[in-house]
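See below for my_file31.txt, which holds compact mmCIF, C-alpha atoms.
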# COMPACT_ATOMS: atom_id res chain seq x y z
CA MET A 284 -18.35 30.25 9.18
CA SER A 285 -14.85 29.51 8.10
CA ALA A 286 -14.79 26.35 10.15
CA PRO A 287 -15.29 24.01 7.19
CA ARG A 288 -12.28 25.51 5.45
CA LEU A 289 -10.15 25.49 8.57
CA LEU A 290 -10.96 21.92 9.47
CA PRO A 291 -8.75 20.15 6.89
CA LEU A 292 -5.92 22.50 7.67
CA ALA A 293 -6.17 21.85 11.38
CA LEU A 294 -6.44 18.11 10.84
CA LEU A 295 -3.39 18.14 8.62
CA LEU A 296 -1.42 20.02 11.24
CA THR A 297 -2.61 17.69 13.94
CA LEU A 298 -1.87 14.47 12.07
CA GLY A 299 1.51 15.69 10.93
CA LEU A 300 2.47 16.35 14.48
CA THR A 301 1.10 13.30 16.25
CA THR A 302 3.27 10.81 14.37
CA SER A 303 5.81 10.97 17.16
CA ALA A 304 3.71 10.97 20.25
CA SER A 305 6.23 12.41 22.62
CA ALA A 306 5.76 15.13 25.07
CA HIS A 307 7.15 17.91 27.04
CA ARG A 308 7.84 17.17 30.63
CA LEU A 309 10.84 16.48 32.77
CA LYS A 310 10.95 13.16 34.52
CA LEU A 311 13.43 11.63 36.89
CA PHE A 312 14.71 8.08 36.77
CA LEU A 313 16.06 7.23 40.21
CA THR A 314 17.66 3.97 41.20
CA VAL A 315 19.89 2.52 43.88
CA GLU A 316 23.13 0.75 43.05
CA ASP A 317 25.74 -0.28 45.59
CA GLY A 318 24.10 1.83 48.24
CA ALA A 319 24.38 4.97 46.10
CA LEU A 320 21.56 7.05 44.67
CA GLY A 321 21.92 7.31 40.92
CA GLY A 322 19.95 7.94 37.78
CA TYR A 323 19.21 10.69 35.33
CA ALA A 324 16.61 13.23 34.37
CA PHE A 325 14.99 13.06 30.96
CA PHE A 326 12.48 14.92 28.90
CA ILE A 327 9.69 12.71 27.73
CA GLY A 328 10.27 12.55 24.03
CA GLY A 329 14.03 12.80 24.26
CA GLY A 330 16.82 14.87 25.65
CA ARG A 331 18.47 14.82 29.05
CA PRO A 332 19.31 18.05 30.83
CA SER A 333 22.99 18.33 31.66
CA GLY A 334 24.22 20.67 34.36
CA ALA A 335 20.85 20.65 36.09
CA ASP A 336 20.74 20.99 39.86
CA VAL A 337 20.38 17.75 41.81
CA ILE A 338 19.09 18.31 45.32
CA VAL A 339 18.82 15.46 47.81
CA LYS A 340 16.67 16.07 50.84
CA GLN A 341 16.19 14.04 53.97
CA SER A 342 12.88 14.81 55.66
CA GLY A 343 12.79 18.28 54.10
CA ARG A 344 16.40 19.17 54.93
CA GLU A 345 18.89 19.54 52.12
CA VAL A 346 21.74 17.07 52.54
CA TYR A 347 23.38 17.19 49.12
CA ARG A 348 23.42 19.49 46.12
CA GLY A 349 25.17 18.65 42.87
CA LYS A 350 24.80 18.84 39.13
CA THR A 351 24.01 16.31 36.42
CA ASP A 352 26.91 15.48 34.14
CA ASP A 353 27.09 15.81 30.35
CA HIS A 354 24.85 12.79 29.90
CA GLY A 355 22.34 14.02 32.45
CA ASP A 356 23.48 11.37 34.96
CA PHE A 357 24.06 11.88 38.64
CA ARG A 358 25.29 9.72 41.51
CA TRP A 359 25.62 10.29 45.21
CA LYS A 360 26.46 7.90 47.99
CA PRO A 361 24.62 8.79 51.18
CA PRO A 362 26.50 8.39 54.45
CA ALA A 363 23.73 6.24 55.93
CA PRO A 364 20.53 4.62 54.69
CA ALA A 365 17.52 6.89 55.19
CA ASP A 366 14.45 8.09 53.32
CA TYR A 367 15.69 10.52 50.69
CA SER A 368 13.89 12.60 48.12
CA VAL A 369 15.74 13.70 45.00
CA THR A 370 14.78 16.81 43.05
CA ILE A 371 16.13 17.72 39.63
CA ASP A 372 15.77 21.37 38.75
CA ALA A 373 16.69 22.22 35.17
CA GLY A 374 16.50 25.88 36.15
CA ASP A 375 14.12 26.86 33.38
CA GLY A 376 10.96 25.90 35.18
CA HIS A 377 11.40 22.19 34.51
CA TRP A 378 11.41 20.26 37.68
CA ALA A 379 11.04 16.62 38.71
CA GLU A 380 11.09 14.73 41.97
CA ALA A 381 11.39 11.14 43.12
CA ALA A 382 11.91 9.41 46.45
CA VAL A 383 13.83 6.43 47.75
CA THR A 384 13.12 4.65 51.00
CA ALA A 385 15.72 3.53 53.51
CA ASP A 386 15.25 -0.19 52.97
CA ARG A 387 16.21 0.10 49.30
CA LEU A 388 19.43 1.80 50.33
CA GLY A 389 20.97 -1.28 51.88
CA GLY A 390 18.84 -0.77 54.94
CA ALA A 391 19.73 -4.41 55.55
CA GLU A 392 22.99 -3.23 57.01
CA ALA A 393 21.24 -1.94 60.07
CA PRO A 394 19.36 -5.07 61.15
CA SER A 395 21.85 -7.84 60.76
CA PRO A 396 20.59 -10.97 59.00
CA PRO A 397 19.60 -13.86 61.22
CA VAL A 398 22.78 -15.69 61.95
CA GLU A 399 23.08 -18.65 64.22
CA THR A 400 25.27 -17.65 67.14
CA ALA A 401 27.76 -15.43 65.38
CA PRO A 402 31.24 -16.42 66.47
CA PRO A 403 33.18 -13.75 68.30
CA PRO A 404 35.37 -11.66 66.00
CA GLN A 405 38.72 -13.33 65.94
CA ALA A 406 41.97 -12.09 64.50
CA ALA A 407 40.22 -12.27 61.11
CA PRO A 408 42.45 -14.20 58.74
CA ALA A 409 42.49 -13.13 55.09
CA CYS A 410 39.80 -15.61 54.15
CA ALA A 411 37.59 -16.54 57.02
CA PRO A 412 34.90 -18.87 55.72
CA THR A 413 33.68 -19.47 59.22
CA ASP A 414 32.50 -15.86 59.71
CA ALA A 415 28.92 -16.50 58.72
CA ALA A 416 27.75 -12.94 59.37
CA ALA A 417 30.34 -11.40 57.06
CA GLN A 418 29.58 -13.99 54.42
CA ALA A 419 25.85 -13.37 54.60
CA LYS A 420 26.45 -9.67 54.22
CA LEU A 421 28.69 -10.27 51.24
CA ILE A 422 26.14 -12.50 49.56
CA GLU A 423 23.40 -10.01 50.23
CA ALA A 424 25.44 -7.21 48.66
CA GLN A 425 26.12 -9.36 45.60
CA VAL A 426 22.47 -10.30 45.24
CA ASP A 427 21.43 -6.65 45.63
CA ARG A 428 23.84 -5.66 42.89
CA ALA A 429 22.69 -8.41 40.54
CA VAL A 430 19.02 -7.65 41.09
CA ALA A 431 19.60 -3.93 40.62
CA ARG A 432 21.43 -4.62 37.35
CA GLN A 433 18.59 -6.81 36.07
CA LEU A 434 15.81 -4.52 37.25
CA ARG A 435 17.25 -1.30 35.91
CA PRO A 436 16.05 -1.68 32.30
CA LEU A 437 12.61 -2.64 33.58
CA LEU A 438 12.38 0.39 35.85
CA GLU A 439 13.63 2.64 33.07
CA ALA A 440 11.06 1.28 30.67
CA TYR A 441 8.35 1.77 33.26
CA ASP A 442 9.31 5.41 33.84
CA GLN A 443 9.40 6.01 30.11
CA ALA A 444 6.03 4.38 29.56
CA GLU A 445 4.39 6.16 32.46
CA GLY A 446 5.03 9.54 30.93
CA ARG A 447 4.18 8.69 27.36
CA VAL A 448 1.34 10.55 25.76
CA ARG A 449 -1.24 7.95 25.03
CA PHE A 450 -3.36 8.16 21.93
CA ASN A 451 -6.50 7.45 23.99
CA ASP A 452 -5.82 10.43 26.23
CA VAL A 453 -5.24 12.69 23.24
CA MET A 454 -8.48 11.58 21.64
CA GLY A 455 -10.25 12.01 24.98
CA GLY A 456 -8.98 15.57 25.20
CA ILE A 457 -10.15 16.36 21.69
CA GLY A 458 -13.51 14.82 22.47
CA MET A 459 -13.74 17.03 25.53
CA ILE A 460 -13.14 20.13 23.41
CA VAL A 461 -15.76 19.02 20.90
CA GLY A 462 -18.16 18.48 23.78
CA LEU A 463 -17.46 21.95 25.15
CA ALA A 464 -18.09 23.45 21.72
CA GLY A 465 -21.36 21.52 21.55
CA ALA A 466 -22.39 22.77 24.98
CA GLY A 467 -21.56 26.32 23.94
CA LEU A 468 -23.59 25.99 20.75
CA TRP A 469 -26.51 24.48 22.64
CA ALA A 470 -26.48 27.33 25.15
CA SER A 471 -26.35 29.97 22.46
CA ALA A 472 -29.08 28.21 20.45
CA ARG A 473 -31.34 28.19 23.51
CA ARG A 474 -30.68 31.86 24.07
CA GLN A 475 -31.45 32.58 20.41
CA LYS A 476 -34.65 30.54 20.55
CA ARG A 477 -35.88 32.31 23.66
CA ARG A 478 -35.19 35.65 22.02
CA ASP A 479 -37.08 34.58 18.88
CA ASP A 480 -40.02 33.34 20.97
CA GLY A 481 -40.04 36.64 22.79
CA HIS A 482 -40.30 38.49 19.49
CA GLY A 483 -43.02 36.12 18.25
CA ASP A 484 -45.35 36.94 21.15
CA MET B 231 9.06 25.22 29.19
CA ALA B 232 5.91 27.17 28.84
CA HIS B 233 4.33 24.48 30.99
CA ILE B 234 5.57 25.48 34.42
CA PRO B 235 4.94 22.74 37.00
CA ASP B 236 3.58 23.18 40.50
CA GLY B 237 6.00 24.21 43.18
CA VAL B 238 8.28 26.41 41.08
CA LEU B 239 6.66 29.82 41.19
CA SER B 240 6.07 31.98 44.23
CA PHE B 241 2.59 32.73 45.46
CA PRO B 242 2.32 36.39 44.30
CA VAL B 243 3.31 35.38 40.76
CA LEU B 244 0.75 32.57 40.77
CA ALA B 245 -1.98 34.85 42.08
CA GLY B 246 -1.18 37.59 39.59
CA GLY B 247 -1.15 35.11 36.72
CA ALA B 248 -4.47 33.62 37.82
CA ALA B 249 -6.11 37.06 38.04
CA LEU B 250 -4.91 38.04 34.57
CA ALA B 251 -5.98 34.68 33.21
CA VAL B 252 -9.51 34.97 34.61
CA GLY B 253 -9.81 38.43 33.08
CA GLY B 254 -8.53 37.21 29.73
CA VAL B 255 -10.84 34.21 29.61
CA ALA B 256 -13.83 36.39 30.52
CA LEU B 257 -12.92 38.90 27.83
CA GLY B 258 -12.54 36.13 25.27
CA LEU B 259 -15.83 34.44 26.20
CA ARG B 260 -17.73 37.72 25.87
CA ARG B 261 -16.53 37.95 22.26
CA MET B 262 -17.69 34.42 21.54
CA ASP B 263 -20.74 34.16 19.33
CA GLU B 264 -22.32 31.11 17.81
CA ALA B 265 -20.47 31.27 14.52
CA GLU B 266 -17.11 31.44 16.23
CA ILE B 267 -17.50 28.41 18.49
CA PRO B 268 -16.53 25.69 15.98
CA LYS B 269 -13.49 27.62 14.78
CA THR B 270 -12.36 28.21 18.34
CA ALA B 271 -12.84 24.56 19.23
CA ILE B 272 -10.85 23.39 16.21
CA LEU B 273 -7.94 25.64 17.04
CA ALA B 274 -8.15 24.69 20.70
CA SER B 275 -7.77 21.02 19.80
CA THR B 276 -4.97 21.84 17.37
CA PHE B 277 -3.15 23.68 20.13
CA PHE B 278 -3.87 20.87 22.59
CA VAL B 279 -2.27 18.28 20.33
CA ALA B 280 0.50 20.36 18.75
CA SER B 281 1.93 21.56 22.02
CA LEU B 282 2.09 18.01 23.39
CA VAL B 283 4.84 17.16 20.93
CA ALA B 284 8.25 18.23 22.13
CA VAL B 285 11.50 18.30 20.23
CA PRO B 286 14.81 18.20 22.11
CA VAL B 287 16.83 21.37 21.56
CA GLY B 288 20.21 21.52 23.23
CA PRO B 289 19.89 21.01 26.96
CA SER B 290 16.15 21.55 26.98
CA SER B 291 13.20 20.74 24.79
CA VAL B 292 10.61 22.87 23.02
CA HIS B 293 7.20 22.44 21.48
CA LEU B 294 5.01 24.49 19.19
CA LEU B 295 2.85 27.15 20.81
CA LEU B 296 0.86 28.42 17.80
CA SER B 297 -0.11 31.48 19.82
CA GLY B 298 0.52 33.90 16.94
CA LEU B 299 -1.68 31.87 14.59
CA MET B 300 -4.42 31.54 17.19
CA GLY B 301 -4.28 35.25 17.92
CA LEU B 302 -4.62 36.09 14.24
CA VAL B 303 -7.51 33.72 13.61
CA LEU B 304 -9.38 34.00 16.91
CA GLY B 305 -8.37 37.36 18.37
CA LEU B 306 -9.24 37.54 22.06
CA ARG B 307 -11.10 34.26 21.75
CA ALA B 308 -7.69 32.57 21.59
CA ILE B 309 -7.42 33.01 25.37
CA PRO B 310 -10.27 30.63 26.33
CA ALA B 311 -9.12 28.26 23.58
CA VAL B 312 -5.60 28.07 25.01
CA PHE B 313 -7.05 27.77 28.50
CA VAL B 314 -9.04 24.67 27.60
CA GLY B 315 -6.00 23.13 25.90
CA LEU B 316 -3.74 23.83 28.87
CA LEU B 317 -6.27 22.56 31.38
CA LEU B 318 -6.63 19.26 29.54
CA GLN B 319 -2.86 18.89 29.19
CA ALA B 320 -2.43 19.45 32.91
CA VAL B 321 -5.20 17.06 33.90
CA LEU B 322 -4.51 14.28 31.40
CA PHE B 323 -0.73 14.35 31.13
CA GLY B 324 0.56 16.35 34.05
CA PHE B 325 2.13 18.98 31.78
CA GLY B 326 2.23 22.10 33.83
CA GLY B 327 0.71 22.36 37.24
CA ILE B 328 -2.85 23.21 38.14
CA THR B 329 -1.79 26.10 40.36
CA SER B 330 0.40 27.54 37.63
CA LEU B 331 -2.34 27.28 35.02
CA GLY B 332 -3.01 31.01 35.14
CA VAL B 333 0.63 31.95 34.67
CA ASP B 334 1.00 29.43 31.85
CA LEU B 335 -2.06 30.84 30.13
CA VAL B 336 -0.74 34.39 30.38
CA ASP B 337 2.68 33.25 29.13
CA ILE B 338 1.35 31.39 26.13
CA ALA B 339 -1.78 33.18 24.98
CA PHE B 340 -1.34 36.85 25.82
CA PRO B 341 1.78 37.65 23.74
CA GLY B 342 0.39 36.01 20.61
CA VAL B 343 -2.98 37.72 20.99
CA ALA B 344 -1.36 41.10 21.62
CA ALA B 345 0.94 40.77 18.62
CA ALA B 346 -1.97 39.69 16.42
CA LEU B 347 -4.19 42.59 17.50
CA ILE B 348 -1.41 45.07 16.78
CA ALA B 349 -0.64 43.53 13.38
CA ARG B 350 -4.24 43.14 12.20
CA PRO B 351 -4.71 46.60 10.63
CA ALA B 352 -1.45 46.21 8.74
CA LEU B 353 -2.46 42.72 7.66
CA ALA B 354 -5.72 44.04 6.21
CA ARG B 355 -3.79 46.38 3.92
CA ALA B 356 -0.92 44.02 3.12
CA GLN B 357 -0.60 42.39 -0.26
CA GLY B 358 1.51 39.61 -1.76
CA TRP B 359 4.52 38.35 0.15
CA ARG B 360 4.01 40.92 2.90
CA VAL B 361 1.02 38.93 4.19
CA GLY B 362 3.17 35.88 4.91
CA ALA B 363 5.92 38.05 6.34
CA LEU B 364 3.48 39.75 8.71
CA GLY B 365 2.10 36.39 9.85
CA ALA B 366 5.64 35.17 10.45
CA ALA B 367 6.48 38.33 12.40
CA VAL B 368 3.41 37.92 14.60
CA ALA B 369 4.35 34.31 15.37
CA ALA B 370 7.96 35.23 16.14
CA ALA B 371 6.83 38.10 18.35
CA GLY B 372 4.41 35.76 20.15
CA VAL B 373 7.20 33.26 20.87
CA ALA B 374 9.55 36.03 21.99
CA GLY B 375 6.81 37.36 24.25
CA THR B 376 6.26 33.91 25.73
CA ALA B 377 9.99 33.55 26.38
CA ALA B 378 9.99 36.96 28.06
CA CYS B 379 6.92 36.17 30.18
CA VAL B 380 8.25 32.78 31.30
CA SER B 381 11.58 34.36 32.18
CA LEU B 382 9.85 37.15 34.07
CA ALA B 383 7.65 34.72 36.00
CA LEU B 384 10.69 32.65 36.98
CA ALA B 385 12.88 35.64 37.79
CA LEU B 386 10.15 37.21 39.94
CA SER B 387 9.72 33.95 41.83
CA SER B 388 13.34 33.29 42.65
CA ALA B 389 16.65 34.91 41.76
CA ASP B 390 18.15 31.41 41.46
CA TYR B 391 16.62 31.08 38.03
CA VAL B 392 18.26 34.15 36.51
CA PRO B 393 21.46 32.42 35.25
CA SER B 394 19.56 29.79 33.32
CA LEU B 395 17.29 32.27 31.60
CA ARG B 396 19.84 32.72 28.84
CA VAL B 397 19.48 29.03 28.03
CA ILE B 398 15.73 29.51 27.72
CA ALA B 399 16.21 32.42 25.35
CA LEU B 400 18.50 30.31 23.16
CA THR B 401 16.13 27.37 22.95
CA TYR B 402 13.31 29.68 21.93
CA ILE B 403 15.15 30.92 18.84
CA PRO B 404 14.66 27.74 16.76
CA LEU B 405 11.08 27.60 18.00
CA ALA B 406 10.45 31.18 16.88
CA LEU B 407 11.83 30.37 13.43
CA ALA B 408 9.70 27.23 13.08
CA GLU B 409 6.56 29.03 14.24
CA ALA B 410 7.28 31.96 11.94
CA ALA B 411 7.58 29.66 8.92
CA LEU B 412 4.41 27.74 9.80
CA THR B 413 2.28 30.76 10.66
CA GLY B 414 3.56 32.74 7.68
CA GLY B 415 2.51 29.94 5.33
CA VAL B 416 -0.90 29.44 6.95
CA VAL B 417 -1.68 33.18 7.08
CA ALA B 418 -0.68 33.74 3.44
CA TYR B 419 -2.93 30.83 2.47
CA LEU B 420 -5.89 31.99 4.56
CA LYS B 421 -5.63 35.58 3.33
CA ARG B 422 -5.86 34.31 -0.26
CA VAL B 423 -8.67 31.76 0.13
CA LYS B 424 -10.57 32.82 3.19
CA PRO B 425 -9.71 36.31 4.42
CA GLU B 426 -12.64 36.37 6.83
CA ALA B 427 -10.95 33.56 8.77
CA LEU B 428 -8.42 36.18 9.80
CA GLY B 429 -11.19 38.56 10.81
CA LEU B 430 -10.43 40.82 7.86
CA ALA B 431 -13.62 40.67 5.80
CA GLU B 432 -15.80 42.37 8.41
CA GLU B 433 -13.43 45.27 8.52
CA ALA B 434 -13.25 45.47 4.74
CA ALA B 435 -17.05 45.44 4.49
CA ALA B 436 -17.52 47.94 7.30

Can I see the file as structure tokens?
Amino acid sequence: MSAPRLLPLALLLTLGLTTSASAHRLKLFLTVEDGALGGYAFFIGGGRPSGADVIVKQSGREVYRGKTDDHGDFRWKPPAPADYSVTIDAGDGHWAEAAVTADRLGGAEAPSPPVETAPPPQAAPACAPTDAAAQAKLIEAQVDRAVARQLRPLLEAYDQAEGRVRFNDVMGGIGMIVGLAGAGLWASARRQKRRDDGHGD
Amino acid sequence: MAHIPDGVLSFPVLAGGAALAVGGVALGLRRMDEAEIPKTAILASTFFVASLVAVPVGPSSVHLLLSGLMGLVLGLRAIPAVFVGLLLQAVLFGFGGITSLGVDLVDIAFPGVAAALIARPALARAQGWRVGALGAAVAAAGVAGTAACVSLALALSSADYVPSLRVIALTYIPLALAEAALTGGVVAYLKRVKPEALGLAEEAAA
């Protein structure tokens, strides 16, 4: 029956600790820039593991293994666009995974953009404005880079927000525990009542 | 790091952890009587919330476990309380995997409960500053036990993890100190105002 005394204590502890609603989980921010896989691992709530293993797999087969640098960043340029999955293993049981599809990795290089009757490759002077295919490729690379630069903060913010501990979820969890306690009390009250009735007869 | 995600541990470790966890929960539930349910629920929600909050320490991050405090206040009933907290964290936030729930429960709850059960007779006799010191020691032992269990679970699963276990041990030291200070203060307070909250009054009366 010490619950009434414990309650304020527990509440105090709880409130003191929820002010910074951050949490404990490793997440991976993965992006593509200039045809290279890059990004970093981060703990929700702060901190980036440095020296963690970075493992890139292509359809289950390991194609690259490296380590994150002092800032938790990593970068690897794949030889050819393909579907890759990147795993960060902090080595202490923290582990995160993300995937990138081939078309984000400059998959555009494989199917050439629609060009009207590409002229045969000539002796290629230093600046050949007539080579429409090369120009289209150049423009596409520039646009990719610009879009990646602009999207990066958005993607980062999304990854951060996705892992945040939401107040609603916390309250839902506490409500669940209260409900379980209620169910337990109900069950034990029923048992008690049946026993009392049994004695009464 | 007490929340081990899915896909890290090997199957025998997972199965062993699950078996121990089921046994522990059953043992704890058998000790549960009506008067203990509210107290257990309050500490379960405290654990649920407190261990969501992580603080970056060096290359990793840590969060409170409160297993020593729960062990002292709830005894074996701490095991189902921690189980509920862990289950909700896994389902709502993806902290720790569902398959590794058993191992996580053993890692977090068992050391604190064991330390508390060992320390309880001494705590009943202790007076003055020794009460707080005992509480602190239980908390520190619980954290050390968790570090040992997590390391063991990882080392048993794959030898690749062995080099990084030293890092884990280092990050647990500040956590052990913080938990020791917190639990020491709470236990000293409870012993003064409400000794039966620590399960001491029954023994004194008996």

List as an mmCIF file with C-alpha atoms, in the frame of the given file the protein and nucleic acid residues near stretch 468-481 of chain A, meaning an atom at most 10 Å away when all atoms listed in the file are counted, but skip any in the same chain fewer than 2 places from it.
data_model
loop_
_atom_site.group_PDB
_atom_site.id
_atom_site.type_symbol
_atom_site.label_atom_id
_atom_site.label_comp_id
_atom_site.auth_asym_id
_atom_site.auth_seq_id
_atom_site.Cartn_x
_atom_site.Cartn_y
_atom_site.Cartn_z
ATOM 1 C CA GLY A 462 -18.160 18.480 23.780
ATOM 2 C CA LEU A 463 -17.460 21.950 25.150
ATOM 3 C CA ALA A 464 -18.090 23.450 21.720
ATOM 4 C CA GLY A 465 -21.360 21.520 21.550
ATOM 5 C CA ALA A 466 -22.390 22.770 24.980
ATOM 6 C CA GLY A 483 -43.020 36.120 18.250
ATOM 7 C CA ASP A 484 -45.350 36.940 21.150
ATOM 8 C CA MET B 262 -17.690 34.420 21.540
ATOM 9 C CA ASP B 263 -20.740 34.160 19.330
ATOM 10 C CA GLU B 264 -22.320 31.110 17.810
ATOM 11 C CA ALA B 265 -20.470 31.270 14.520
ATOM 12 C CA GLU B 266 -17.110 31.440 16.230
ATOM 13 C CA ILE B 267 -17.500 28.410 18.490
ATOM 14 C CA PRO B 268 -16.530 25.690 15.980
#

| task | Select residues of chain B: the criterion is any atom within 6 Å of an atom of chain A, counting all atoms listed in the file; output as a PyMOL selection string. | result | chain B and resi 234+265+267+269+271+275-276+282-284+286+289+391+394+427

| query | Pick from A:Asp386, A:Asp427, A:Asp442, A:Asp356: nearest to A:Gly322, with all atoms listed in the file counted? | reply |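 When distances to A:Gly322 are compared using all atoms listed in the file, the smallest one comes from A:Asp356.
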
| query | When distances are computed from only C-alpha atoms, which of B:Thr376, B:Ser297, B:Ser387, B:Gln319 shows the smallest separation from B:Gly246? | reply |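 Using only C-alpha atoms, B:Gly246 sits closest to B:Ser387.
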
| said: Using Å and a single decimal, report how far atom CA of B:Arg307 sits from atom CA of B:Leu364. | reply: 20.3 Å

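Here atom CA of B:Pro425 stands at a distance of 19.7 Å from atom CA of B:Ala344.
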
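Our summary of the geometry notes that atom CA of A:Ala365 is positioned 29.0 Å from atom CA of B:Leu239.
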